[in-house]
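Q: Mind looking over this structure? Questions follow.
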Amino acid sequence: QVPLVESGGGLVQAGGSLRVSCAASGRTLSTYTMGWFRQVPGKGREFVAAIKWSGITTYYADSVKGRFTISRDNAKKTVYLQMNGLKPEDTAVYYCAACANRGVARPTATGDYDYWGQGTQVTVSS
């Protein structure tokens with residue numbers, strides 16, 4: 001098990017910025033690919049961003065490319081999602097997830113991930 005805890009969500013105006021964090025409790029994240037997903041009521045969980053265990057390779061959904069940045073600090077066992085230029089359509093519950101399989105080429109599907117946090121709400125007002 002890899003307990004993951006998200007934090008940093010909240011209410012922000014359109015055009016603003018927010019950083020959400022995901023911390024692992026009592027276990028290193030350095031061997032896991034980490035991802036962020038989001039979900040709105042009535043819809044499935046949507047891929048947002050991912051970062052390989054090395055921290056070198058990143059992936060982004062087209063809808064957030066150029067606005068969001070994923071990063072990781074393995075020493076702090078924490079992954080971050082910096083969100084700039086937020087739009088009302090970014091409103092969702094944001095979940096972080098850990099993928100144990102280093103062989104996944106493009107970790108953008110929910111099924112690629114083994115462990116999930118409880119989510120943090122991000123609300124962008126217009």
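In the structure tokens, the first chain shown is A, the next is B, and so on; residue numbers restart at 1 for each chain, and ligands run from 1 in the order shown.
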Which residues are close to Tyr59 in chain A, i.e. within 7 Å by only C-alpha atoms, leaving aside same-chain residues fewer than 3 positions away? Reply as number ranges by chain.

A: A: 49-51

Q: Check the DSSP output for the backbone and give back, as number ranges by chain, the residues of chain A in strand (DSSP E).

A: A: 4-7, 10-13, 18-24, 33-39, 46-51, 58-60, 68-73, 78-83, 92-99, 115-116, 120-125

Q: Would you work out the distance separating CA of Lys77 in chain A from CA of Leu4 in chain A, expressed in Å to one decimal?

A: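 Distance between the two atoms: 9.8 Å.
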
Q: What separation in Å, quoted to one decimal, exists between CA of Met34 in chain A and CA of Gly9 in chain A?

A: 18.0 Å

Q: Counting only C-alpha atoms, which residue out of A:Thr120, A:Asn101, A:Gln39, A:Ser71 sits closest to Glu89 in chain A?

A: A:Gln39

Q: Which residue gives the smallest distance to Gly85 in chain A among A:Arg27, A:Ile70, A:Ala109, A:Val124, with only C-alpha atoms counted?

A: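 Closest to Gly85 in chain A of all the choices is A:Val124.
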
Q: Which residue out of A:Gly66, A:Gly26, A:Pro41, A:Pro107 has the minimum interatomic distance to Trp53 in chain A when only C-alpha atoms are used?

A: A:Pro107

Q: Find the distance between CA of Lys87 in chain A and CA of Arg106 in chain A and write it in Å to one decimal.

A: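 Rounded to one decimal, the two atoms are 25.9 Å apart.
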
Q: Compile the contact shell of range 15-22 of chain A as a ChimeraX atom specification: residues with an atom at most 10 Å away, counting only C-alpha atoms, same-chain residues fewer than 6 positions apart removed.

A: /A:3-9,34-36,67-72,77-88,94-97,117,119-122,124-126

Q: What would the file look like if the residues just selected were written as a short mmCIF file (atom, residue, chain, number, x, y, z; two decimals), in the first residue's frame with N, CA, C and O atoms?

A:
data_model
loop_
_atom_site.label_atom_id
_atom_site.label_comp_id
_atom_site.auth_asym_id
_atom_site.auth_seq_id
_atom_site.Cartn_x
_atom_site.Cartn_y
_atom_site.Cartn_z
N PRO A 3 -0.15 4.95 0.87
CA PRO A 3 -1.12 5.99 1.24
C PRO A 3 -0.73 7.33 0.64
O PRO A 3 0.40 7.79 0.83
N LEU A 4 -1.65 7.94 -0.07
CA LEU A 4 -1.41 9.22 -0.72
C LEU A 4 -2.41 10.24 -0.16
O LEU A 4 -3.60 9.94 -0.05
N VAL A 5 -1.92 11.43 0.14
CA VAL A 5 -2.78 12.48 0.68
C VAL A 5 -2.58 13.76 -0.13
O VAL A 5 -1.48 14.31 -0.16
N GLU A 6 -3.67 14.21 -0.76
CA GLU A 6 -3.62 15.46 -1.52
C GLU A 6 -3.95 16.63 -0.60
O GLU A 6 -4.68 16.50 0.38
N SER A 7 -3.42 17.79 -0.97
CA SER A 7 -3.73 19.02 -0.25
C SER A 7 -3.54 20.19 -1.20
O SER A 7 -2.96 20.04 -2.28
N GLY A 8 -4.04 21.35 -0.79
CA GLY A 8 -3.81 22.57 -1.55
C GLY A 8 -4.96 23.00 -2.43
O GLY A 8 -4.87 24.03 -3.11
N GLY A 9 -6.03 22.22 -2.47
CA GLY A 9 -7.17 22.64 -3.26
C GLY A 9 -7.85 23.84 -2.65
O GLY A 9 -7.54 24.27 -1.54
N MET A 34 4.07 8.92 -11.07
CA MET A 34 2.97 9.60 -10.38
C MET A 34 2.10 10.35 -11.37
O MET A 34 2.60 10.93 -12.34
N GLY A 35 0.82 10.36 -11.10
CA GLY A 35 -0.10 11.04 -12.00
C GLY A 35 -1.14 11.85 -11.25
O GLY A 35 -1.37 11.64 -10.06
N TRP A 36 -1.71 12.80 -11.96
CA TRP A 36 -2.85 13.57 -11.49
C TRP A 36 -4.02 13.35 -12.44
O TRP A 36 -3.86 13.40 -13.66
N ARG A 67 -0.26 25.25 -19.31
CA ARG A 67 -0.81 25.94 -18.12
C ARG A 67 -0.44 25.22 -16.82
O ARG A 67 -0.23 25.86 -15.80
N PHE A 68 -0.39 23.90 -16.86
CA PHE A 68 -0.11 23.10 -15.67
C PHE A 68 1.29 22.52 -15.76
O PHE A 68 1.77 22.19 -16.85
N THR A 69 1.92 22.35 -14.59
CA THR A 69 3.24 21.74 -14.52
C THR A 69 3.26 20.73 -13.39
O THR A 69 2.94 21.06 -12.24
N ILE A 70 3.67 19.52 -13.72
CA ILE A 70 3.81 18.48 -12.70
C ILE A 70 5.28 18.38 -12.32
O ILE A 70 6.16 18.49 -13.18
N SER A 71 5.55 18.17 -11.04
CA SER A 71 6.92 18.02 -10.58
C SER A 71 6.92 17.10 -9.37
O SER A 71 5.86 16.80 -8.80
N ARG A 72 8.10 16.67 -8.99
CA ARG A 72 8.20 15.78 -7.84
C ARG A 72 9.46 16.08 -7.05
O ARG A 72 10.46 16.52 -7.60
N LYS A 77 9.04 13.03 -0.66
CA LYS A 77 7.97 12.07 -0.96
C LYS A 77 6.71 12.83 -1.37
O LYS A 77 5.59 12.49 -0.94
N THR A 78 6.87 13.83 -2.22
CA THR A 78 5.76 14.69 -2.60
C THR A 78 5.76 14.97 -4.09
O THR A 78 6.83 15.15 -4.69
N VAL A 79 4.57 15.02 -4.65
CA VAL A 79 4.38 15.38 -6.05
C VAL A 79 3.50 16.62 -6.08
O VAL A 79 2.57 16.74 -5.28
N TYR A 80 3.80 17.50 -7.02
CA TYR A 80 3.08 18.77 -7.10
C TYR A 80 2.41 18.92 -8.47
O TYR A 80 2.89 18.39 -9.47
N LEU A 81 1.34 19.67 -8.48
CA LEU A 81 0.72 20.10 -9.72
C LEU A 81 0.50 21.60 -9.61
O LEU A 81 -0.36 22.05 -8.86
N GLN A 82 1.33 22.35 -10.33
CA GLN A 82 1.18 23.80 -10.37
C GLN A 82 0.21 24.14 -11.49
O GLN A 82 0.43 23.76 -12.65
N MET A 83 -0.85 24.85 -11.15
CA MET A 83 -1.90 25.17 -12.12
C MET A 83 -1.98 26.68 -12.28
O MET A 83 -2.29 27.39 -11.33
N ASN A 84 -1.66 27.14 -13.48
CA ASN A 84 -1.73 28.56 -13.80
C ASN A 84 -2.80 28.80 -14.86
O ASN A 84 -3.20 27.87 -15.56
N GLY A 85 -3.23 30.03 -14.97
CA GLY A 85 -4.24 30.35 -15.98
C GLY A 85 -5.48 29.52 -15.85
O GLY A 85 -6.05 29.05 -16.84
N LEU A 86 -5.94 29.34 -14.62
CA LEU A 86 -7.07 28.44 -14.38
C LEU A 86 -8.35 28.95 -15.03
O LEU A 86 -8.60 30.16 -15.11
N LYS A 87 -9.14 27.99 -15.48
CA LYS A 87 -10.40 28.27 -16.15
C LYS A 87 -11.53 27.61 -15.37
O LYS A 87 -11.30 26.60 -14.69
N PRO A 88 -12.75 28.09 -15.49
CA PRO A 88 -13.88 27.46 -14.80
C PRO A 88 -14.01 25.97 -15.14
O PRO A 88 -14.39 25.17 -14.27
N TYR A 94 -9.45 16.80 -7.73
CA TYR A 94 -8.17 16.37 -8.28
C TYR A 94 -7.61 15.23 -7.41
O TYR A 94 -7.53 15.36 -6.18
N TYR A 95 -7.22 14.16 -8.10
CA TYR A 95 -6.70 12.97 -7.44
C TYR A 95 -5.26 12.72 -7.88
O TYR A 95 -4.95 12.85 -9.07
N CYS A 96 -4.41 12.34 -6.95
CA CYS A 96 -3.10 11.86 -7.35
C CYS A 96 -3.10 10.34 -7.28
O CYS A 96 -3.91 9.73 -6.57
N ALA A 97 -2.20 9.76 -8.04
CA ALA A 97 -2.14 8.30 -8.14
C ALA A 97 -0.71 7.85 -8.36
O ALA A 97 0.10 8.60 -8.92
N GLY A 117 -5.13 8.71 -4.05
CA GLY A 117 -5.45 9.53 -2.89
C GLY A 117 -6.96 9.74 -2.81
O GLY A 117 -7.72 9.25 -3.64
N GLY A 119 -8.46 12.73 -2.93
CA GLY A 119 -8.90 13.84 -3.75
C GLY A 119 -8.95 15.16 -3.02
O GLY A 119 -9.13 15.21 -1.80
N THR A 120 -8.78 16.24 -3.77
CA THR A 120 -8.91 17.58 -3.22
C THR A 120 -9.69 18.43 -4.22
O THR A 120 -9.47 18.36 -5.43
N GLN A 121 -10.63 19.23 -3.71
CA GLN A 121 -11.52 20.00 -4.57
C GLN A 121 -10.83 21.27 -5.05
O GLN A 121 -10.26 22.03 -4.24
N VAL A 122 -10.91 21.51 -6.34
CA VAL A 122 -10.44 22.76 -6.94
C VAL A 122 -11.64 23.40 -7.63
O VAL A 122 -12.28 22.77 -8.48
N VAL A 124 -12.90 26.87 -9.68
CA VAL A 124 -12.48 28.08 -10.36
C VAL A 124 -13.73 28.89 -10.69
O VAL A 124 -14.60 28.41 -11.43
N SER A 125 -13.81 30.08 -10.16
CA SER A 125 -14.99 30.91 -10.38
C SER A 125 -14.75 31.83 -11.59
O SER A 125 -13.63 32.27 -11.84
N SER A 126 -15.82 32.12 -12.29
CA SER A 126 -15.70 32.97 -13.49
C SER A 126 -15.85 34.44 -13.15
O SER A 126 -16.21 34.81 -12.05
#

Q: Nearest to Ser30 in chain A: which of A:Gln1, A:Asn74, A:Gln13, A:Ser63 is it, counting only C-alpha atoms?

A: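 Among A:Gln1, A:Asn74, A:Gln13, A:Ser63, it is A:Asn74 that comes nearest to Ser30 in chain A.
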
Q: List every residue of range 57-110 of chain A that has an atom at most 8 Å from any atom of range 44-47 of chain A, giving for each one its closest atom pair and the distance in Å to one decimal, counting only C-alpha atoms, sorted by chain and then by ascending residue number, as JSON lines.

A:
{"residue": "A:Tyr60", "atom": "CA", "partner": "A:Phe47", "partner_atom": "CA", "distance": 7.9}
{"residue": "A:Ala61", "atom": "CA", "partner": "A:Phe47", "partner_atom": "CA", "distance": 6.4}
{"residue": "A:Thr108", "atom": "CA", "partner": "A:Phe47", "partner_atom": "CA", "distance": 5.8}
{"residue": "A:Ala109", "atom": "CA", "partner": "A:Phe47", "partner_atom": "CA", "distance": 6.7}
{"residue": "A:Thr110", "atom": "CA", "partner": "A:Arg45", "partner_atom": "CA", "distance": 7.3}

Q: Selected residues, all heavy atoms, written as a JSON list (two decimals), in the first residue's frame, please.

A:
[["chain", "number", "residue", "atom", "x", "y", "z"],
["A", 60, "TYR", "N", 1.10, 15.41, -20.40],
["A", 60, "TYR", "CA", 0.01, 16.33, -20.08],
["A", 60, "TYR", "C", -1.17, 16.10, -21.01],
["A", 60, "TYR", "O", -1.00, 15.79, -22.19],
["A", 60, "TYR", "CB", 0.47, 17.78, -20.22],
["A", 60, "TYR", "CG", 1.52, 18.20, -19.23],
["A", 60, "TYR", "CD1", 2.87, 18.16, -19.56],
["A", 60, "TYR", "CD2", 1.16, 18.62, -17.95],
["A", 60, "TYR", "CE1", 3.84, 18.52, -18.64],
["A", 60, "TYR", "CE2", 2.13, 18.99, -17.03],
["A", 60, "TYR", "CZ", 3.47, 18.93, -17.38],
["A", 60, "TYR", "OH", 4.43, 19.29, -16.47],
["A", 61, "ALA", "N", -2.36, 16.29, -20.47],
["A", 61, "ALA", "CA", -3.55, 16.34, -21.31],
["A", 61, "ALA", "C", -3.48, 17.61, -22.15],
["A", 61, "ALA", "O", -2.96, 18.64, -21.71],
["A", 61, "ALA", "CB", -4.80, 16.35, -20.45],
["A", 108, "THR", "N", -1.31, 7.25, -18.85],
["A", 108, "THR", "CA", -2.38, 8.23, -18.91],
["A", 108, "THR", "C", -3.75, 7.65, -18.63],
["A", 108, "THR", "O", -4.75, 8.38, -18.67],
["A", 108, "THR", "CB", -2.39, 8.92, -20.29],
["A", 108, "THR", "OG1", -2.62, 7.93, -21.29],
["A", 108, "THR", "CG2", -1.07, 9.62, -20.57],
["A", 109, "ALA", "N", -3.83, 6.36, -18.39],
["A", 109, "ALA", "CA", -5.12, 5.72, -18.13],
["A", 109, "ALA", "C", -5.25, 5.42, -16.64],
["A", 109, "ALA", "O", -4.27, 5.09, -15.97],
["A", 109, "ALA", "CB", -5.25, 4.43, -18.93],
["A", 110, "THR", "N", -6.48, 5.47, -16.15],
["A", 110, "THR", "CA", -6.69, 5.18, -14.73],
["A", 110, "THR", "C", -6.23, 3.77, -14.39],
["A", 110, "THR", "O", -5.70, 3.53, -13.30],
["A", 110, "THR", "CB", -8.17, 5.35, -14.34],
["A", 110, "THR", "OG1", -8.98, 4.52, -15.18],
["A", 110, "THR", "CG2", -8.61, 6.79, -14.48]]

Q: Mind the document's chain letters and residue numbers, and return as a list in words the residues of chain A that DSSP labels helix (DSSP H, G or I).

A: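 So, restricting chain A to helix (DSSP H, G or I), we get Asn74, Ala75, Lys76, Pro88, Glu89, Asp90, Thr110, Gly111 and Asp112 of chain A.
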